Each structure stands twice: as C-alpha cells, then as structure tokens.
Amino acid sequence: MKLLTHNLLECHIKGVTNKYPFLVEAQQVEQTEVDFNPDFLRRMYPKLDWKAFKDTAEGLKLEGLPDSVTEEMLKSDEAFLRAFHHILLEVDVEEGALICPETGRRFPIVKGIPNLLLNEDEC
Amino acid sequence: MVVADTAQAAAWSGSWTRPKGEGESTRYLFIGNVGPSSGVSVEELRDRLGSLGLQAQAEVVPASSAGAGKGKSSKSKNKSKKPPSHVFAAFGTPEDAQKAKGELAREGVGGKRLVLDYALYCPPRASASKMVEEEVGLRAEDLGIEGLLLIKDFVTEEEEASLLSGLDEAGEWKSLARRRVKHFGFEFDYSIRGVHPDREIVPFPTCVNVVTDRISRVPGVTNENFDQLTVNEYPPGVGLSPHVDTHSAFVNDILSLSLGSTAIMEFRKGDDHRRLFLPRRALLAMTGESRFAWQHYIPHRKTDRVRGEVFKRTTRTSITFRTVRREGSCECSFPEQCDSQGAALPPTRMLEKAKATAEAMLDTARKFPAMERDHVHGVYDSIAGHFSATRFAIWPEVRRFLDAMPEHSIVADIGCGNGKYLGAAKHCCVVGGDLSFELVQLCRSRGHDVVQLDCVRPPYRKDLFDGVISIAVLHHMSTFERRLAAMTSIVKLLRPGGLALITVWALEQEEAKKVKKWKELEHADAGNDKGVAVLGKDYLVPWNVPFHRPEAAKAGKAESGKIDEMKGTVVFERFYHVFQEGELEYLVNYIPDVSIVRCVYDRSNWCITVQRDR
C-alpha cells in the first residue's frame, strides 16, 4: 500500500466520526521505483490531505516533507518534489495494518493489500 | 357552450340550514313533500308559486343539486339512493317568502299538503369551493405576464378531429397516475424531469405536420425547431401539477395546443396567481418570463367557471412542443427558477417518497447475503486465475469515459476485478479495489496499488473523486437495497460535478442461446413490501473451469464447484441480477443530488453515466 492510496482511504465502520486518517502500523516496507512526474504531483497536491500525508510519513520515519507547501515549491523546488514523489509513490507498506483512529480496529495489510472488509456488526 | 343545468346547480352550491331564532323569517323556504315519491312535482310547485302574485319570481332549487339541507353534506346525500322529497325556494324578498309560506300552508299544491319552514342559505366559502368565481383572463394580455401568448382557433374543427384520431393511432400510450401520455422525438423522463438527449425515439407522427408548419411562424417564438412532443390526455377532473419546464432540459419556448375540451390554466409566481381560459383549438405559447419564471398548472376539477359561464370539462388532449437542449446550460435571466444556474428543482412527490424509502433501506443493505457469499465472493476467489485470463478487452464505453476524464483526475475503480482498467488511463490516477482477495492479488502482481473492499461500503474519502467506474459489479448484488446502497456509495465518493460510469449485464442479451444455460432464480425482491418495482431477473450463471487449469484442482476442494465429467470442467455458479431497460435509471431516481448524463446499451450491457450535482 502506497501513501497515495492511504491518503484516499478513510475508516468506514458504521457510526465512526473520527475516521481519518488511518494510523499505519508497518512491519515490512518496500521501495518500488516509479517514473518521476512533477506534473502529476502538482495536480495531485490539491487533492491530498497534506497534514495526514506528512504525519503518516513521519510515523514511518520518512523525513523531508515540509509542514506547508508553497506554489513556488510545487513549481520549481526539485528537492522538495523528489521527496514528495518518493514518499507518495515509491514507499510501499507490504505487511502491517491500518488502524481506525476512533475504535482502534486493525485492518491487516497482507502482501501489500489492506483488507478493508467489515464484519457484519461493523456495517 | 353553457351548460344551463350545471350553471344553476353551481349557483346554489352552498349549504342550507335552519334559521337559529325560532320563527325567524328569511327569503328562503324549505318545502317538504315535493318530488317523485310524494306526488307534488317541481313543475306544479313552480306554477303554483307563479300564481301567487309575488313581487319577484321565485326560484325553486332541487335538493339534489343544492348542498343538502338539514346539516347533511352533499356528498352523503349523493350516496343515499332515495330521491330527495324536498326542495328549497328562493324569493326576491322576505315578504314574498312569508306570503308564499302562508298560501302554501293553507292550500297546499293540487290538494296535497306540504311541509314548510324558513331556511337559510350559506353561499360557498371562497377557499373551500372550487366553483367560486375567480378572475379569469380570456386573452393572454389580460394576465400581464411577459412572453405569454394565446392564439385562438389555431386549428380548425376538422383539423382538431384528424389530429385527435391521428395521435390516437400513433405511438403507445403510457399511463401516469391520473392521465396518459405519449412521447415523440424524445421520451420525457418524469423522474429526471427531462429527456436523455442521446436517446431519440420515434419521430413525430405525420398528423402533427399541420401544426409544426404553423408554429414556426408564431410571433415571438425563437426555437429553431421542435424535436420533442408530448401528448397528454386528461380525463374530466384531472389537472396538471404546478411546474416550470426544466430549464436545463429544454431550450427557449414551450408551445401547447388544447384539443377536445376547454380548461383554465393558472400561472403562479410566489403568491401571485393569474388565470387564463384555454379554449379548444387554441395554442398557448410560453416564451420569455412566462416560460422561465412562472409555474403553470391546471386545477383538478370537472367544471370551470368563467365570467358567469360554466364550462364542463370533457376529455382534453394537449400536445406540447419543446426543443431538447443538446449542449450548454440555460442562461436565462431568472436564476431563482433555473436549475442550470443552481436553483433546486422543487421536489416532486415521487422523489420525496423515493428518498424516504431509500434512507430506510440503506441500513438493512449492508449485511452480506449468503447468496453473494456463496455465489459471488466464493466463486471469484476460486476462479480468479482462469477468469482473469479471459478478461483483457477494454470496453468502448469505459474507454470513452476514461478518455474524457481531464488529465490527472483521480478515479476510483470499485470492483476492479483483475485490474484491467487500473492502467487503462495513463493520464489519470486510478485507484481501486475488489472483494476477491485472489483478484486484488492479481492486480497487485501487475503493479497496481489496490485494497480489498465491499462496494456497498467502499473505504474511500467522500466528495473527493473526479471519477468512479464500477464495471460489471452491480449485477452481483442480490437485492434492491444492496444495489441501491452500492450506487449511493459510488455517488458519495464523487466531488460535486464528478462523473461515475456504472455498467451491468442486460436482461436483453444478444445471444439467446447463452441465456438458456442460465438457471433462473426466484427474484429476490419478488413480493417485497418496500414499495419498489420488481425489475430485471435473477440467475445463476455457470462458469466452467477446464480440468487442466490449476484452478480446477483447487476448485475440487471448494464447496461451490461441481464436476462436469462430460465437459471435463469444474462448474461454478455465479449470481447475476440482470438489469432490464430503464432499471438503472429507476435506481438512480432513488439517489439524491445526482443527474443522468448518458445511458446506453452496449453488447448485452447497460451502461449509465451519472453526475454528482452538489
């Protein structure tokens, strides 16, 4: 599971209000190489919840993301864009879990795939 | 045409009572013992009253047409089988009434005695009665509404007759709650209050040519051509609910020709009500403010009263000409009534009811039914590899949808199967998931970042996605509630303005011999008490895995697989709810804040594109 996917997910248990973001518990993290595309990052930035992205990255001991992003940085700060690209698209949680911030429910990540199926009492 | 009897009845449509004070005289009399069962006829009574030398002529009012006396309502009176044996008489003055009472009490009529008493007449209250005289314009100019035009005698009586018979023969009647309709050019969809511009139906019948030729020359009409025709047939007593024709659906002017009967059309803007008498064979043109800013409607009643004349309604047929908006949105100067400019369409009863039903149903929809566990989830996990090997073609409708997404859109593929669409749009960021772990693993092995999810409750952020696709997924949901919940969830993922493409197997399959191999089930919604239509069909559809496939060996252990020695395959049965034409639209109708953009049939599938409104 990449952090881009993580940023788009929220806990869907019935009645949960504090649902975002999932906490990430990582037992195994892989790196995959992805072509660098700054245009994609520029377009994706407004869709992302930057704070959730940065906090999650820090939880995974991935440093280098600023608290806030300026237009200038998106436009021409190569070092920033490289870090943004790497953490968003190349970091891959292979084994671990997503944890609901409200209930603590653990959704296991197996072979890189989070199992987000709910039990009947959670629907 | 004046209907005299009705006019007289209407003049006495109030109620009769006794005076409160004992012996108080009025100018009205209750006269008992008059009528077929009592020997004194109304005519004899009238003659006798005429011979009394009264100052003014008395009027005899039969009890059957007057509001019934003695505290009974006219409704209950109508139900009683016995003809009334009394009448009322109205005199010019109380003195006349007093004189008549004295004479009739002394001599009776034709030697027969009468029961006599003073009566009081209460005229109908303005708000309670439909027969109250209201100010009704005879010309459009009388109403003072900009853009309203009424052209009398737009067609001749002969033309009217040939139009009525021609329209009756052309096309098919569709029944609505209280009237029936026919559509030509484009079908008017009452659930979206518009048409599907990509779906043309039968052309206008030739009998309307005489009208179409003439309407293009009506002054003030700006439509280049009329391409949508609705024929409405109103039985007497049936009207039309207040509405403004949807701005986003139709451009410019609306024209309507009245045939067969008169009616009063009312126009309403805020508290302002204005009325116009529509004669037979008259053309009403609504242009400008009258079309865009005023609601129009026809009260539900059998008789109209216009400046003292009474018009009894017979069957009225209206033919309405409109022009479908093919592109762009309405830019009229009445934004408060313009759905293109963000004004909400007033809720129809149908929509209100649908939303309440949907709300109640969604909660029960989320449980995963045994049917889907055994015949969808379980099967796909067993056949994933073999299934995936057969699924690589990119469907043209999906290609079209993805290609139209702006660059770098975020798209969710809900029920992504083997992930064939996850990489199909290089200019977008497509994420997705599926219920089957085996299938999502396949996606993962192809380099896609996916999750395992249930499409009835997808775990994505709401109001965020530019696009959602759900291809060949909804037909695996085994109940109406599940299908509705899945579609509602998909719509909720979209940002306002975002688009979703949903495709399902069609009931109308191109290869009939394929269907013969399917096992039809009892419809899961049959006999439901949810108040929803039972549409489409439920089937178990076989999936054959040849023995040589690795899945077959695994499948031998699975409970759902059955061995077919003859064919040399392991057979799995997948649950399918196949959708009939119109069923996807029916489902969308239950979902708030969404519009249908396109719905097409493509190779045994129904494909619908919807847009989140707000």
# chains A, B, ... in the order shown; residues from 1 in each chain; ligands from 1
>>> interface_residues(of="chain A", to="chain B", cutoff="10 Å", atoms="only C-alpha atoms", output="ChimeraX atom specification")
/A:1-14,19-21,32,39-44,47-48,89,92,109-123
>>> select_by_dssp(residues="segment 30-111 of chain A", states="strand (DSSP E or B)", output="list in words")
Glu30, Gln31, Val91, Asp92, Val93, Glu94, Glu95, Gly96, Ala97, Leu98, Ile99, Arg106, Phe107, Pro108, Ile109 and Val110 of chain A
>>> write_last_selection(atoms="C-alpha atoms", output="PDB file, in the first residue's frame")
ATOM      1  CA  GLU A  30       9.339  -1.959   0.375  1.00  0.00           C
ATOM      2  CA  GLN A  31      10.554   0.574  -2.163  1.00  0.00           C
ATOM      3  CA  VAL A  91       7.157   3.732  -0.458  1.00  0.00           C
ATOM      4  CA  ASP A  92       5.049   0.595  -0.211  1.00  0.00           C
ATOM      5  CA  VAL A  93       3.788  -0.960   3.030  1.00  0.00           C
ATOM      6  CA  GLU A  94       3.981  -4.693   2.365  1.00  0.00           C
ATOM      7  CA  GLU A  95       2.957  -6.096   5.740  1.00  0.00           C
ATOM      8  CA  GLY A  96       1.269  -4.289   8.606  1.00  0.00           C
ATOM      9  CA  ALA A  97      -2.122  -2.830   9.408  1.00  0.00           C
ATOM     10  CA  LEU A  98      -4.386   0.204   9.109  1.00  0.00           C
ATOM     11  CA  ILE A  99      -5.833   1.253  12.437  1.00  0.00           C
ATOM     12  CA  ARG A 106      -6.985  -3.214  12.960  1.00  0.00           C
ATOM     13  CA  PHE A 107      -7.348  -3.822   9.237  1.00  0.00           C
ATOM     14  CA  PRO A 108      -4.458  -6.096   8.256  1.00  0.00           C
ATOM     15  CA  ILE A 109      -2.196  -5.348   5.302  1.00  0.00           C
ATOM     16  CA  VAL A 110      -1.131  -8.639   3.747  1.00  0.00           C
TER      17      VAL A 110
END
>>> select_by_dssp(residues="chain A", states="alpha helix (DSSP H)", output="PyMOL selection string")
chain A and resi 3-8+38-44+50-59+71-76+78-85
>>> write_last_selection(atoms="N, CA and C atoms", output="tab-separated table (two decimals), in the first residue's frame")
chain	number	residue	atom	x	y	z
A	3	LEU	N	1.40	5.44	0.03
A	3	LEU	CA	0.81	6.50	0.86
A	3	LEU	C	-0.22	7.31	0.08
A	4	LEU	N	-0.12	7.29	-1.24
A	4	LEU	CA	-1.18	7.93	-2.03
A	4	LEU	C	-2.52	7.24	-1.75
A	5	THR	N	-2.52	5.93	-1.82
A	5	THR	CA	-3.74	5.18	-1.51
A	5	THR	C	-4.19	5.46	-0.08
A	6	HIS	N	-3.22	5.42	0.84
A	6	HIS	CA	-3.56	5.69	2.23
A	6	HIS	C	-4.26	7.02	2.41
A	7	ASN	N	-3.77	8.02	1.67
A	7	ASN	CA	-4.34	9.36	1.80
A	7	ASN	C	-5.79	9.42	1.33
A	8	LEU	N	-6.17	8.50	0.48
A	8	LEU	CA	-7.54	8.50	-0.08
A	8	LEU	C	-8.50	7.63	0.73
A	38	PRO	N	6.65	15.41	-12.18
A	38	PRO	CA	6.29	16.57	-11.33
A	38	PRO	C	4.89	17.12	-11.64
A	39	ASP	N	4.46	17.01	-12.89
A	39	ASP	CA	3.12	17.50	-13.24
A	39	ASP	C	2.04	16.74	-12.47
A	40	PHE	N	2.22	15.44	-12.41
A	40	PHE	CA	1.28	14.61	-11.64
A	40	PHE	C	1.23	15.08	-10.19
A	41	LEU	N	2.40	15.36	-9.61
A	41	LEU	CA	2.45	15.80	-8.20
A	41	LEU	C	1.73	17.13	-8.03
A	42	ARG	N	1.94	18.04	-8.99
A	42	ARG	CA	1.30	19.36	-8.90
A	42	ARG	C	-0.23	19.23	-8.94
A	43	ARG	N	-0.71	18.35	-9.80
A	43	ARG	CA	-2.17	18.18	-9.90
A	43	ARG	C	-2.74	17.41	-8.71
A	44	MET	N	-1.92	16.52	-8.17
A	44	MET	CA	-2.42	15.68	-7.08
A	44	MET	C	-2.42	16.43	-5.75
A	50	TRP	N	-2.63	17.16	3.20
A	50	TRP	CA	-1.19	17.26	3.40
A	50	TRP	C	-0.78	16.88	4.81
A	51	LYS	N	-1.58	17.30	5.78
A	51	LYS	CA	-1.21	17.01	7.17
A	51	LYS	C	-1.23	15.50	7.40
A	52	ALA	N	-2.26	14.83	6.91
A	52	ALA	CA	-2.34	13.38	7.06
A	52	ALA	C	-1.16	12.71	6.37
A	53	PHE	N	-0.80	13.24	5.22
A	53	PHE	CA	0.31	12.67	4.45
A	53	PHE	C	1.63	12.81	5.22
A	54	LYS	N	1.85	14.02	5.72
A	54	LYS	CA	3.10	14.30	6.42
A	54	LYS	C	3.18	13.51	7.73
A	55	ASP	N	2.08	13.50	8.50
A	55	ASP	CA	2.07	12.79	9.78
A	55	ASP	C	2.30	11.30	9.56
A	56	THR	N	1.67	10.75	8.54
A	56	THR	CA	1.82	9.32	8.27
A	56	THR	C	3.26	9.01	7.86
A	57	ALA	N	3.81	9.88	7.04
A	57	ALA	CA	5.20	9.70	6.62
A	57	ALA	C	6.11	9.70	7.84
A	58	GLU	N	5.90	10.64	8.74
A	58	GLU	CA	6.75	10.74	9.93
A	58	GLU	C	6.59	9.51	10.81
A	59	GLY	N	5.35	8.99	10.88
A	59	GLY	CA	5.11	7.76	11.64
A	59	GLY	C	5.93	6.60	11.07
A	71	GLU	N	3.34	27.56	-3.57
A	71	GLU	CA	3.24	27.40	-5.02
A	71	GLU	C	4.62	27.32	-5.65
A	72	GLU	N	5.51	28.12	-5.08
A	72	GLU	CA	6.88	28.17	-5.58
A	72	GLU	C	7.54	26.79	-5.49
A	73	MET	N	7.32	26.12	-4.34
A	73	MET	CA	7.90	24.80	-4.14
A	73	MET	C	7.38	23.81	-5.17
A	74	LEU	N	6.07	23.87	-5.41
A	74	LEU	CA	5.45	22.94	-6.36
A	74	LEU	C	5.98	23.20	-7.77
A	75	LYS	N	6.26	24.47	-8.01
A	75	LYS	CA	6.64	24.86	-9.35
A	75	LYS	C	8.09	24.46	-9.66
A	76	SER	N	9.00	24.74	-8.71
A	76	SER	CA	10.41	24.61	-9.11
A	76	SER	C	11.35	24.04	-8.06
A	78	GLU	N	13.00	21.33	-6.88
A	78	GLU	CA	13.29	19.96	-7.31
A	78	GLU	C	13.47	19.01	-6.13
A	79	ALA	N	14.22	19.47	-5.09
A	79	ALA	CA	14.48	18.60	-3.93
A	79	ALA	C	13.17	18.23	-3.24
A	80	PHE	N	12.33	19.26	-3.09
A	80	PHE	CA	11.03	19.02	-2.46
A	80	PHE	C	10.20	18.04	-3.30
A	81	LEU	N	10.12	18.28	-4.60
A	81	LEU	CA	9.30	17.44	-5.47
A	81	LEU	C	9.79	16.00	-5.48
A	82	ARG	N	11.10	15.82	-5.42
A	82	ARG	CA	11.69	14.47	-5.38
A	82	ARG	C	11.26	13.74	-4.09
A	83	ALA	N	11.32	14.47	-2.98
A	83	ALA	CA	10.94	13.86	-1.69
A	83	ALA	C	9.44	13.52	-1.70
A	84	PHE	N	8.65	14.46	-2.20
A	84	PHE	CA	7.19	14.31	-2.32
A	84	PHE	C	6.90	13.06	-3.16
A	85	HIS	N	7.56	12.97	-4.31
A	85	HIS	CA	7.37	11.83	-5.23
A	85	HIS	C	7.71	10.51	-4.55
>>> residues_around(residues="His183 of chain B", least_positions_apart="2", cutoff="9 Å", atoms="only C-alpha atoms", output="MDAnalysis selection string")
chainID B and resid 171:174 181 185:188 201:202 204 228:232
>>> residues_around(residues="segment 86-99 of chain B", least_positions_apart="6", cutoff="9 Å", atoms="only C-alpha atoms", output="ChimeraX atom specification")
/B:16,25-35,42,52,54-64,66,69,115,118-119,121
>>> atom_distance(atom1="atom CA of Arg113 of chain B", atom2="atom CA of Arg48 of chain B")
13.0 Å
>>> residues_around(residues="segment 474-487 of chain B", least_positions_apart="5", cutoff="9 Å", atoms="only C-alpha atoms", output="number ranges by chain")
B: 358, 361-369, 371-372, 375-376, 415, 454-458, 492, 502-505, 523-525, 532, 534, 538, 574-579, 587-588, 590-591
>>> write_last_selection(atoms="C-alpha atoms", output="PDB file, in the first residue's frame")
ATOM      1  CA  ALA B 358     -34.030   4.769   0.195  1.00  0.00           C
ATOM      2  CA  MET B 361     -33.459   0.723   3.125  1.00  0.00           C
ATOM      3  CA  LEU B 362     -29.776   1.599   3.216  1.00  0.00           C
ATOM      4  CA  ASP B 363     -29.345   0.476   6.792  1.00  0.00           C
ATOM      5  CA  THR B 364     -30.530  -3.033   6.062  1.00  0.00           C
ATOM      6  CA  ALA B 365     -28.486  -3.271   2.867  1.00  0.00           C
ATOM      7  CA  ARG B 366     -25.051  -3.720   4.281  1.00  0.00           C
ATOM      8  CA  LYS B 367     -25.270  -7.247   5.535  1.00  0.00           C
ATOM      9  CA  PHE B 368     -23.559  -9.590   3.178  1.00  0.00           C
ATOM     10  CA  PRO B 369     -26.184 -12.070   1.973  1.00  0.00           C
ATOM     11  CA  MET B 371     -26.239 -15.747  -1.891  1.00  0.00           C
ATOM     12  CA  GLU B 372     -23.405 -13.319  -2.573  1.00  0.00           C
ATOM     13  CA  HIS B 375     -22.153 -17.390  -5.482  1.00  0.00           C
ATOM     14  CA  VAL B 376     -20.071 -14.244  -5.925  1.00  0.00           C
ATOM     15  CA  GLY B 415     -14.948  -3.763  -8.065  1.00  0.00           C
ATOM     16  CA  ASP B 454     -17.017  -4.296  -0.394  1.00  0.00           C
ATOM     17  CA  CYS B 455     -18.547  -1.931  -2.922  1.00  0.00           C
ATOM     18  CA  VAL B 456     -21.611  -1.393  -0.732  1.00  0.00           C
ATOM     19  CA  ARG B 457     -19.324   0.319   1.786  1.00  0.00           C
ATOM     20  CA  PRO B 458     -16.189   1.464  -0.021  1.00  0.00           C
ATOM     21  CA  LYS B 492     -20.928   9.842  -2.482  1.00  0.00           C
ATOM     22  CA  ILE B 502     -21.676   2.007 -13.977  1.00  0.00           C
ATOM     23  CA  THR B 503     -22.211  -0.957 -16.282  1.00  0.00           C
ATOM     24  CA  VAL B 504     -24.252  -4.095 -15.701  1.00  0.00           C
ATOM     25  CA  TRP B 505     -25.374  -7.115 -17.656  1.00  0.00           C
ATOM     26  CA  HIS B 523     -36.482 -12.790  -7.928  1.00  0.00           C
ATOM     27  CA  ALA B 524     -35.014 -11.774  -4.582  1.00  0.00           C
ATOM     28  CA  ASP B 525     -37.292  -8.734  -4.480  1.00  0.00           C
ATOM     29  CA  VAL B 532     -40.179  -0.722  -5.183  1.00  0.00           C
ATOM     30  CA  VAL B 534     -39.540  -5.687  -9.247  1.00  0.00           C
ATOM     31  CA  ASP B 538     -32.023 -13.168 -11.046  1.00  0.00           C
ATOM     32  CA  ARG B 574     -22.236 -17.106 -10.170  1.00  0.00           C
ATOM     33  CA  PHE B 575     -25.177 -14.994  -9.031  1.00  0.00           C
ATOM     34  CA  TYR B 576     -26.334 -12.353 -11.523  1.00  0.00           C
ATOM     35  CA  HIS B 577     -29.125  -9.849 -11.300  1.00  0.00           C
ATOM     36  CA  VAL B 578     -29.551  -8.791 -14.926  1.00  0.00           C
ATOM     37  CA  PHE B 579     -30.946  -5.305 -15.460  1.00  0.00           C
ATOM     38  CA  LEU B 587     -32.285   3.068  -9.277  1.00  0.00           C
ATOM     39  CA  VAL B 588     -30.682   6.484  -9.808  1.00  0.00           C
ATOM     40  CA  TYR B 590     -33.749   6.945  -5.536  1.00  0.00           C
ATOM     41  CA  ILE B 591     -30.440   8.757  -5.051  1.00  0.00           C
TER      42      ILE B 591
END
>>> residues_around(residues="Tyr601 of chain B", least_positions_apart="2", cutoff="12 Å", atoms="only C-alpha atoms", output="list in words")
Asp198, Arg199, Pro396, Glu397, Ile502, Thr503, Val504, Trp505, Ala506, Leu507, Glu508, Gln509, Glu510, Phe579, Gln580, Glu581, Gly582, Leu584, Arg598, Cys599, Arg603, Ser604, Asn605, Trp606, Cys607, Ile608 and Thr609 of chain B
